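Source file upload_25.txt; content: compact mmCIF, C-alpha atoms and all ligand atoms.
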# COMPACT_ATOMS: atom_id res chain seq x y z
CA MET A 1 45.85 9.48 41.16
CA ARG A 2 47.13 5.93 40.85
CA ASN A 3 43.70 4.68 42.07
CA ALA A 4 41.92 6.70 39.42
CA ALA A 5 44.17 5.30 36.68
CA ARG A 6 43.58 1.75 37.93
CA ARG A 7 39.79 2.32 37.98
CA LEU A 8 39.93 3.57 34.43
CA THR A 9 41.94 0.54 33.30
CA HIS A 10 39.43 -1.78 34.99
CA ARG A 11 36.55 -0.08 33.26
CA PHE A 12 38.27 -0.23 29.93
CA VAL A 13 38.99 -3.95 30.35
CA LEU A 14 35.36 -4.57 31.39
CA ILE A 15 33.94 -2.72 28.37
CA PHE A 16 36.38 -4.35 26.00
CA SER A 17 35.53 -7.83 27.37
CA LEU A 18 31.78 -7.19 27.03
CA VAL A 19 32.16 -6.05 23.43
CA LEU A 20 34.42 -9.00 22.64
CA LEU A 21 31.97 -11.45 24.26
CA GLY A 22 29.06 -9.90 22.35
CA SER A 23 30.94 -10.18 19.06
CA LEU A 24 31.93 -13.80 19.69
CA LEU A 25 28.35 -14.74 20.61
CA SER A 26 27.05 -12.98 17.50
CA VAL A 27 29.50 -14.65 15.16
CA GLY A 28 28.77 -18.02 16.81
CA ALA A 29 25.03 -17.53 16.39
CA ALA A 30 25.46 -16.39 12.80
CA SER A 31 27.54 -19.40 11.80
CA ALA A 32 25.00 -21.70 13.44
CA GLN A 33 22.65 -20.61 10.60
CA PHE A 34 20.94 -18.03 12.81
CA GLY A 35 17.47 -19.44 12.33
CA GLN A 36 17.84 -20.07 8.61
CA PRO A 37 16.62 -23.39 7.20
CA LYS A 38 19.32 -25.77 6.04
CA PRO A 39 20.30 -24.96 2.42
CA VAL A 40 19.83 -27.99 0.13
CA THR A 41 20.65 -26.54 -3.30
CA GLU A 42 23.81 -25.03 -4.77
CA GLU A 43 21.97 -21.72 -5.15
CA ALA A 44 20.84 -21.85 -1.51
CA ASP A 45 24.48 -22.36 -0.45
CA SER A 46 25.48 -19.12 -2.20
CA LEU A 47 22.53 -17.29 -0.65
CA HIS A 48 23.42 -18.63 2.79
CA THR A 49 27.05 -17.52 2.44
CA LEU A 50 25.87 -14.04 1.45
CA TYR A 51 23.52 -14.00 4.44
CA LEU A 52 26.36 -14.91 6.81
CA LEU A 53 28.62 -12.29 5.25
CA VAL A 54 26.04 -9.52 5.72
CA THR A 55 25.12 -10.67 9.23
CA VAL A 56 28.72 -10.94 10.44
CA ALA A 57 29.63 -7.57 8.85
CA GLY A 58 26.60 -6.05 10.62
CA PHE A 59 27.64 -7.47 13.97
CA ILE A 60 31.24 -6.29 13.60
CA VAL A 61 30.06 -2.74 12.83
CA PHE A 62 27.63 -2.95 15.76
CA ALA A 63 30.34 -4.15 18.16
CA LEU A 64 32.83 -1.45 17.04
CA VAL A 65 30.31 1.41 17.20
CA THR A 66 28.82 0.31 20.53
CA GLY A 67 32.29 -0.31 22.00
CA ALA A 68 33.54 3.13 20.93
CA LEU A 69 30.34 4.74 22.23
CA LEU A 70 30.55 3.04 25.64
CA TYR A 71 34.23 3.91 25.94
CA MET A 72 33.58 7.58 25.14
CA VAL A 73 30.64 7.77 27.56
CA VAL A 74 32.74 6.44 30.43
CA ARG A 75 36.09 8.00 29.55
CA TYR A 76 34.80 11.51 28.83
CA ARG A 77 31.88 11.71 31.26
CA ARG A 78 31.16 15.05 32.92
CA ARG A 79 33.53 15.59 35.85
CA SER A 80 33.04 19.28 36.62
CA ASP A 81 31.13 22.32 35.43
CA GLU A 82 34.16 23.56 33.54
CA LEU A 83 33.56 23.72 29.77
CA PRO A 84 35.90 21.25 27.98
CA PRO A 85 37.94 22.38 24.93
CA GLN A 86 35.58 23.01 21.99
CA THR A 87 36.51 21.64 18.54
CA HIS A 88 34.81 22.61 15.28
CA GLY A 89 35.16 20.24 12.33
CA ASN A 90 37.82 17.69 11.55
CA ASN A 91 38.47 16.97 7.88
CA LEU A 92 40.36 13.74 8.49
CA LEU A 93 37.54 12.30 10.64
CA GLU A 94 34.90 13.28 8.07
CA VAL A 95 36.84 11.62 5.26
CA ILE A 96 37.21 8.45 7.37
CA TRP A 97 33.55 8.19 8.38
CA THR A 98 32.43 8.82 4.80
CA THR A 99 34.88 6.40 3.19
CA ILE A 100 34.25 3.42 5.47
CA PRO A 101 30.45 3.21 4.81
CA ILE A 102 31.02 3.70 1.05
CA VAL A 103 33.51 0.80 1.03
CA ILE A 104 31.08 -1.39 3.03
CA VAL A 105 28.12 -0.58 0.75
CA LEU A 106 30.20 -1.22 -2.41
CA PHE A 107 31.45 -4.53 -0.99
CA LEU A 108 27.88 -5.64 -0.13
CA PHE A 109 26.59 -4.48 -3.54
CA VAL A 110 29.23 -6.41 -5.47
CA SER A 111 28.88 -9.61 -3.43
CA SER A 112 25.03 -9.49 -3.67
CA PHE A 113 25.24 -8.89 -7.41
CA VAL A 114 27.58 -11.86 -7.93
CA VAL A 115 25.28 -14.16 -5.92
CA LEU A 116 22.20 -12.88 -7.76
CA LEU A 117 23.80 -13.55 -11.15
CA ASP A 118 24.53 -17.11 -10.03
CA VAL A 119 21.08 -17.75 -8.52
CA GLU A 120 19.13 -16.22 -11.41
CA GLU A 121 21.15 -17.87 -14.16
CA ASP A 122 18.94 -19.12 -17.02
CA ALA A 123 18.28 -22.84 -17.43
CA GLU A 124 19.79 -24.76 -20.36
CA PRO A 125 17.42 -26.34 -22.92
CA GLU A 126 18.45 -29.84 -21.79
CA ASP A 127 17.54 -29.19 -18.15
CA LEU A 128 14.49 -30.85 -16.65
CA THR A 129 11.51 -28.50 -16.63
CA VAL A 130 8.63 -28.69 -14.19
CA ASN A 131 5.62 -26.55 -15.04
CA VAL A 132 4.08 -25.28 -11.84
CA THR A 133 0.60 -23.78 -11.73
CA GLY A 134 -0.73 -22.10 -8.62
CA PHE A 135 -4.49 -21.87 -8.18
CA GLN A 136 -6.91 -21.15 -5.36
CA PHE A 137 -6.05 -23.20 -3.30
CA SER A 138 -3.39 -25.68 -4.31
CA TRP A 139 -0.74 -26.49 -6.89
CA GLU A 140 -0.35 -28.50 -10.07
CA PHE A 141 3.04 -29.88 -11.16
CA VAL A 142 3.30 -30.99 -14.79
CA TYR A 143 6.19 -32.99 -16.28
CA ASP A 144 6.62 -33.29 -20.02
CA LEU A 145 7.63 -36.90 -20.79
CA ALA A 146 9.73 -35.74 -23.75
CA ASP A 147 11.64 -33.29 -21.54
CA LEU A 148 12.76 -35.13 -18.44
CA GLY A 149 16.25 -33.70 -18.29
CA ARG A 150 19.61 -35.39 -18.50
CA GLY A 151 18.72 -38.94 -17.40
CA GLU A 152 17.31 -41.79 -19.48
CA GLY A 153 13.74 -41.30 -18.25
CA PRO A 154 10.73 -43.36 -19.24
CA GLY A 155 10.44 -41.34 -22.47
CA GLY A 156 7.30 -41.18 -24.58
CA GLU A 157 4.89 -38.43 -25.41
CA GLY A 158 2.43 -36.45 -23.38
CA THR A 159 2.57 -35.11 -19.87
CA VAL A 160 2.00 -36.37 -16.37
CA SER A 161 0.71 -34.19 -13.60
CA VAL A 162 0.24 -34.05 -9.89
CA ILE A 163 -2.64 -31.93 -8.61
CA GLY A 164 -3.18 -31.07 -4.97
CA THR A 165 -6.53 -30.64 -3.33
CA GLY A 166 -7.60 -28.83 -0.20
CA SER A 167 -7.28 -32.04 1.78
CA GLU A 168 -4.22 -33.52 0.07
CA GLU A 169 -0.90 -31.73 -0.32
CA PRO A 170 0.71 -32.37 -3.71
CA LEU A 171 4.23 -33.80 -3.94
CA LEU A 172 6.83 -32.26 -6.22
CA VAL A 173 9.59 -34.73 -7.07
CA ILE A 174 12.94 -33.76 -8.59
CA PRO A 175 16.24 -35.59 -9.16
CA VAL A 176 19.34 -34.82 -7.08
CA ASN A 177 22.52 -33.22 -8.51
CA GLU A 178 20.79 -32.05 -11.68
CA PRO A 179 19.63 -28.60 -12.69
CA VAL A 180 15.83 -28.34 -12.60
CA GLU A 181 13.87 -25.41 -13.92
CA PHE A 182 10.52 -24.40 -12.44
CA LYS A 183 8.22 -22.49 -14.77
CA LEU A 184 5.58 -20.73 -12.72
CA THR A 185 2.11 -19.69 -13.85
CA SER A 186 -1.11 -18.82 -12.09
CA ASN A 187 -4.72 -19.35 -13.11
CA ASP A 188 -6.24 -16.74 -10.88
CA VAL A 189 -4.44 -14.48 -8.40
CA ILE A 190 -0.83 -13.92 -7.35
CA HIS A 191 0.72 -16.79 -5.39
CA SER A 192 4.30 -17.35 -4.32
CA PHE A 193 6.31 -20.53 -4.74
CA TYR A 194 8.34 -20.97 -1.58
CA VAL A 195 10.48 -23.93 -0.58
CA ARG A 196 12.11 -23.05 2.75
CA ASN A 197 15.27 -25.08 2.18
CA PHE A 198 15.86 -23.41 -1.21
CA LEU A 199 16.19 -20.10 0.72
CA TYR A 200 14.37 -18.57 -2.23
CA LYS A 201 10.85 -17.78 -3.32
CA LEU A 202 9.33 -16.43 -6.49
CA ASP A 203 5.93 -14.90 -7.18
CA VAL A 204 3.49 -16.82 -9.37
CA VAL A 205 1.71 -14.10 -11.31
CA PRO A 206 -1.20 -14.49 -13.77
CA GLY A 207 -0.10 -13.55 -17.29
CA LEU A 208 3.60 -13.46 -16.40
CA ASP A 209 6.11 -16.25 -17.04
CA ASN A 210 8.38 -16.50 -14.02
CA SER A 211 11.00 -19.20 -13.78
CA PHE A 212 14.04 -20.17 -11.75
CA LYS A 213 16.53 -22.99 -11.57
CA VAL A 214 17.97 -25.06 -8.73
CA THR A 215 20.46 -27.89 -8.42
CA ALA A 216 19.62 -29.85 -5.28
CA HIS A 217 22.63 -31.56 -3.67
CA GLU A 218 20.78 -33.47 -1.01
CA THR A 219 18.01 -36.04 -1.10
CA GLY A 220 15.08 -35.79 1.28
CA THR A 221 11.62 -34.35 1.69
CA PHE A 222 11.21 -30.64 2.31
CA GLU A 223 8.24 -28.55 3.36
CA ALA A 224 6.99 -25.85 1.02
CA GLN A 225 4.05 -23.49 0.76
CA CYS A 226 2.48 -20.51 -0.93
CA ALA A 227 4.00 -17.37 0.57
CA GLU A 228 1.59 -14.75 -0.77
CA LEU A 229 -1.76 -14.19 0.92
CA CYS A 230 -4.02 -15.26 -1.95
CA GLY A 231 -7.46 -15.72 -0.41
CA LEU A 232 -9.42 -17.36 2.36
CA ASP A 233 -7.80 -20.81 2.13
CA HIS A 234 -4.26 -19.59 1.41
CA ALA A 235 -3.04 -21.67 4.39
CA LEU A 236 -4.04 -24.86 2.53
CA MET A 237 -1.52 -24.18 -0.23
CA ARG A 238 1.17 -26.34 1.28
CA PHE A 239 3.16 -28.90 -0.70
CA GLN A 240 6.22 -31.06 -0.33
CA VAL A 241 9.35 -31.28 -2.41
CA GLN A 242 11.07 -34.64 -2.56
CA VAL A 243 14.59 -34.84 -3.94
CA MET A 244 15.56 -38.35 -5.08
CA GLU A 245 18.28 -40.20 -6.93
CA ARG A 246 17.81 -40.26 -10.73
CA PRO A 247 16.68 -43.95 -10.98
CA ASP A 248 14.07 -43.40 -8.24
CA PHE A 249 12.89 -40.26 -10.02
CA ASP A 250 12.55 -42.12 -13.34
CA ALA A 251 10.64 -44.92 -11.62
CA TYR A 252 8.34 -42.38 -9.93
CA ILE A 253 7.56 -40.63 -13.23
CA ALA A 254 7.06 -43.97 -15.03
CA GLY A 255 4.65 -44.99 -12.24
CA LEU A 256 2.72 -41.73 -12.58
CA ALA A 257 2.61 -42.12 -16.38
CA SER A 258 1.19 -45.66 -16.32
CA GLU A 259 -1.27 -44.73 -13.57
CA GLN A 260 -2.54 -41.77 -15.55
CA LEU A 261 -2.71 -43.78 -18.78
CA GLU A 262 -4.84 -46.34 -16.95
CA GLN A 263 -7.17 -43.66 -15.63
CA ALA A 264 -7.55 -42.23 -19.14
CA ARG A 265 -8.58 -45.67 -20.39
CA VAL A 266 -11.35 -46.08 -17.81
CA PRO A 267 -14.54 -44.97 -19.59
CU CU A 301 -1.41 -18.37 -1.21
Could you render the structure as structure tokens?
Amino acid sequence: MRNAARRLTHRFVLIFSLVLLGSLLSVGAASAQFGQPKPVTEEADSLHTLYLLVTVAGFIVFALVTGALLYMVVRYRRRSDELPPQTHGNNLLEVIWTTIPIVIVLFLFVSSFVVLLDVEEDAEPEDLTVNVTGFQFSWEFVYDLADLGRGEGPGGEGTVSVIGTGSEEPLLVIPVNEPVEFKLTSNDVIHSFYVRNFLYKLDVVPGLDNSFKVTAHETGTFEAQCAELCGLDHALMRFQVQVMERPDFDAYIAGLASEQLEQARVP
């Protein structure tokens, strides 16, 4: 009898340790970004926190359910042909297993809604606007010289643009620590504007004005691409986003402006 009790304790300790180890590994993996690109905007930070919250909650539920299941399978396994006591219905249990999922779903709904409100907040009129046009098969980024956001900027009238070609990926340059609005339009079919490190993408739909705002908090160059299969050369619709300090951004735009003015002068 004592042997049987000891065996049971051993098994319980083994199962409990496995579940604990699994949970620790899961939480460790989740906090190590779990395959997500590094967030480089304030909005991406909120999205990443939400992602971790959902992932960790999922793993905790998984560990608890699997642990309870394994324990029950071992503890109450069939020992003889005798029919065990039969129980029909348990109100308390039903209330518990209905309430817990409702609380979890409500918690996830509220936290997602709060993050969504933050991420999809409208841009202010003084924010820098970049007009993005997707076309088969590249991108055009247009800056309005009279609307270069909160810095001094080169000023002046007119626009400057960067157009990609099949062989050359266009570069989208934005200033760091400033809200930037992207206004997305398409000339032909549906594309999708996707910058991995923004942890966000938005469809570029003909006839529909889509826009979103980011505040990048890190300088650097980040890979981006079209994320909607839009035709044969969809794979060529890659581009790069470069986040720079405000003076560098102003110098870049001024350079583009004088370059394009020069080209316009050439007969
Ligand atoms: Cu595409």
Work out how far apart atom CA of Pro170 of chain A and atom CA of Arg265 of chain A are and give it in Å to one decimal.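 Between these atoms lies a distance of 23.3 Å.
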Excluding same-chain residues fewer than 5 positions from Arg11 of chain A, what lies within 9 Å of it counting only C-alpha atoms, as a list in words?
->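 The residues that qualify are Arg6, Phe16, Tyr71, Val74 and Arg75 of chain A.
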Return as a ChimeraX atom specification every polymer residue, whether protein, DNA or RNA, with at least one atom no more than 10 Å from an atom of ligand CU 301 (chain A); count all atoms listed in the file. /A:134-139,189-193,204,225-238
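With only C-alpha atoms taken into account, the protein and nucleic acid residues at most 10 Å from segment 111-125 of chain A (excluding it and anything under 6 positions from it in its own chain) are Glu42, Glu43, Ala44, Asp45, Ser46, Leu47, His48, Thr49, Leu50, Tyr51, Leu53, Val54, Val105, Asp147, Gly149, Pro179, Val180, Glu181, Phe182, Tyr200, Ser211, Phe212, Lys213 and Val214 of chain A.
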Would you put the residues from that selection into a file with C-alpha atoms, as a PDB file, in the frame of the given file?
ATOM      1  CA  GLU A  42      23.810 -25.030  -4.770  1.00  0.00           C
ATOM      2  CA  GLU A  43      21.970 -21.720  -5.150  1.00  0.00           C
ATOM      3  CA  ALA A  44      20.840 -21.850  -1.510  1.00  0.00           C
ATOM      4  CA  ASP A  45      24.480 -22.360  -0.450  1.00  0.00           C
ATOM      5  CA  SER A  46      25.480 -19.120  -2.200  1.00  0.00           C
ATOM      6  CA  LEU A  47      22.530 -17.290  -0.650  1.00  0.00           C
ATOM      7  CA  HIS A  48      23.420 -18.630   2.790  1.00  0.00           C
ATOM      8  CA  THR A  49      27.050 -17.520   2.440  1.00  0.00           C
ATOM      9  CA  LEU A  50      25.870 -14.040   1.450  1.00  0.00           C
ATOM     10  CA  TYR A  51      23.520 -14.000   4.440  1.00  0.00           C
ATOM     11  CA  LEU A  53      28.620 -12.290   5.250  1.00  0.00           C
ATOM     12  CA  VAL A  54      26.040  -9.520   5.720  1.00  0.00           C
ATOM     13  CA  VAL A 105      28.120  -0.580   0.750  1.00  0.00           C
ATOM     14  CA  ASP A 147      11.640 -33.290 -21.540  1.00  0.00           C
ATOM     15  CA  GLY A 149      16.250 -33.700 -18.290  1.00  0.00           C
ATOM     16  CA  PRO A 179      19.630 -28.600 -12.690  1.00  0.00           C
ATOM     17  CA  VAL A 180      15.830 -28.340 -12.600  1.00  0.00           C
ATOM     18  CA  GLU A 181      13.870 -25.410 -13.920  1.00  0.00           C
ATOM     19  CA  PHE A 182      10.520 -24.400 -12.440  1.00  0.00           C
ATOM     20  CA  TYR A 200      14.370 -18.570  -2.230  1.00  0.00           C
ATOM     21  CA  SER A 211      11.000 -19.200 -13.780  1.00  0.00           C
ATOM     22  CA  PHE A 212      14.040 -20.170 -11.750  1.00  0.00           C
ATOM     23  CA  LYS A 213      16.530 -22.990 -11.570  1.00  0.00           C
ATOM     24  CA  VAL A 214      17.970 -25.060  -8.730  1.00  0.00           C
TER      25      VAL A 214
END
Measuring between only C-alpha atoms, which one of A:Leu208, A:Ala4, A:Val56, A:Val173 shows the shortest distance to Gln240 of chain A?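 When distances to Gln240 of chain A are compared using only C-alpha atoms, the smallest one comes from A:Val173.
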Students should find that atom CA of Val19 of chain A and atom CA of Phe107 of chain A are spaced 24.5 Å
Listed atoms of segment 49-53 of chain A boxed along x, y and z, 4 Å each side, centre and edge lengths in Å, one decimal, as lines of an AutoDock Vina configuration file:
center_x = 26.1
center_y = -14.9
center_z = 4.1
size_x = 13.1
size_y = 13.2
size_z = 13.4
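Summary of the local environment: counting only C-alpha atoms, residues at most 12 Å from Phe249 of chain A, other than itself and those fewer than 5 positions away along its chain, are Leu128, Tyr143, Leu148, Gly149, Arg150, Gly151, Glu152, Gly153, Pro154, Leu172, Val173, Ile174, Pro175, Val176, Glu178, Thr219, Gln242, Val243, Met244, Ala254, Gly255 and Leu256 of chain A.
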ask   = Of the residues A:Phe59, A:Phe239, A:Tyr76, A:Trp97, which is the one nearest to Ile163 of chain A, using only C-alpha atoms?
value =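 Going through A:Phe59, A:Phe239, A:Tyr76, A:Trp97 one by one, the smallest distance to Ile163 of chain A is for A:Phe239.
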Measuring between all atoms listed in the file, which one of A:Leu261, A:Val73, A:Val103, A:Val40 shows the shortest distance to Gly158 of chain A?
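Of A:Leu261, A:Val73, A:Val103, A:Val40, the one nearest Gly158 of chain A, counting all atoms listed in the file, is A:Leu261.
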Using all atoms listed in the file, the shortest atom-to-atom distance to Asn197 of chain A among A:Thr221, A:Thr159, A:Ser17, A:Thr185 belongs to A:Thr221
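Among A:Glu259, A:Asp250, A:Glu218, A:Glu126, the residue with the shortest atom-to-atom distance to Thr41 of chain A, counting only C-alpha atoms, is A:Glu218.
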Rank A:Leu199, A:Leu92, A:Ile102, A:Ser161 by their smallest atom-to-atom distance to Gln36 of chain A, using only C-alpha atoms, and report the top residue only.
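Smallest distance to Gln36 of chain A is found for A:Leu199.
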In Å and to one decimal, atom CA of Val205 of chain A is distant from atom CA of Asn187 of chain A by 8.5 Å
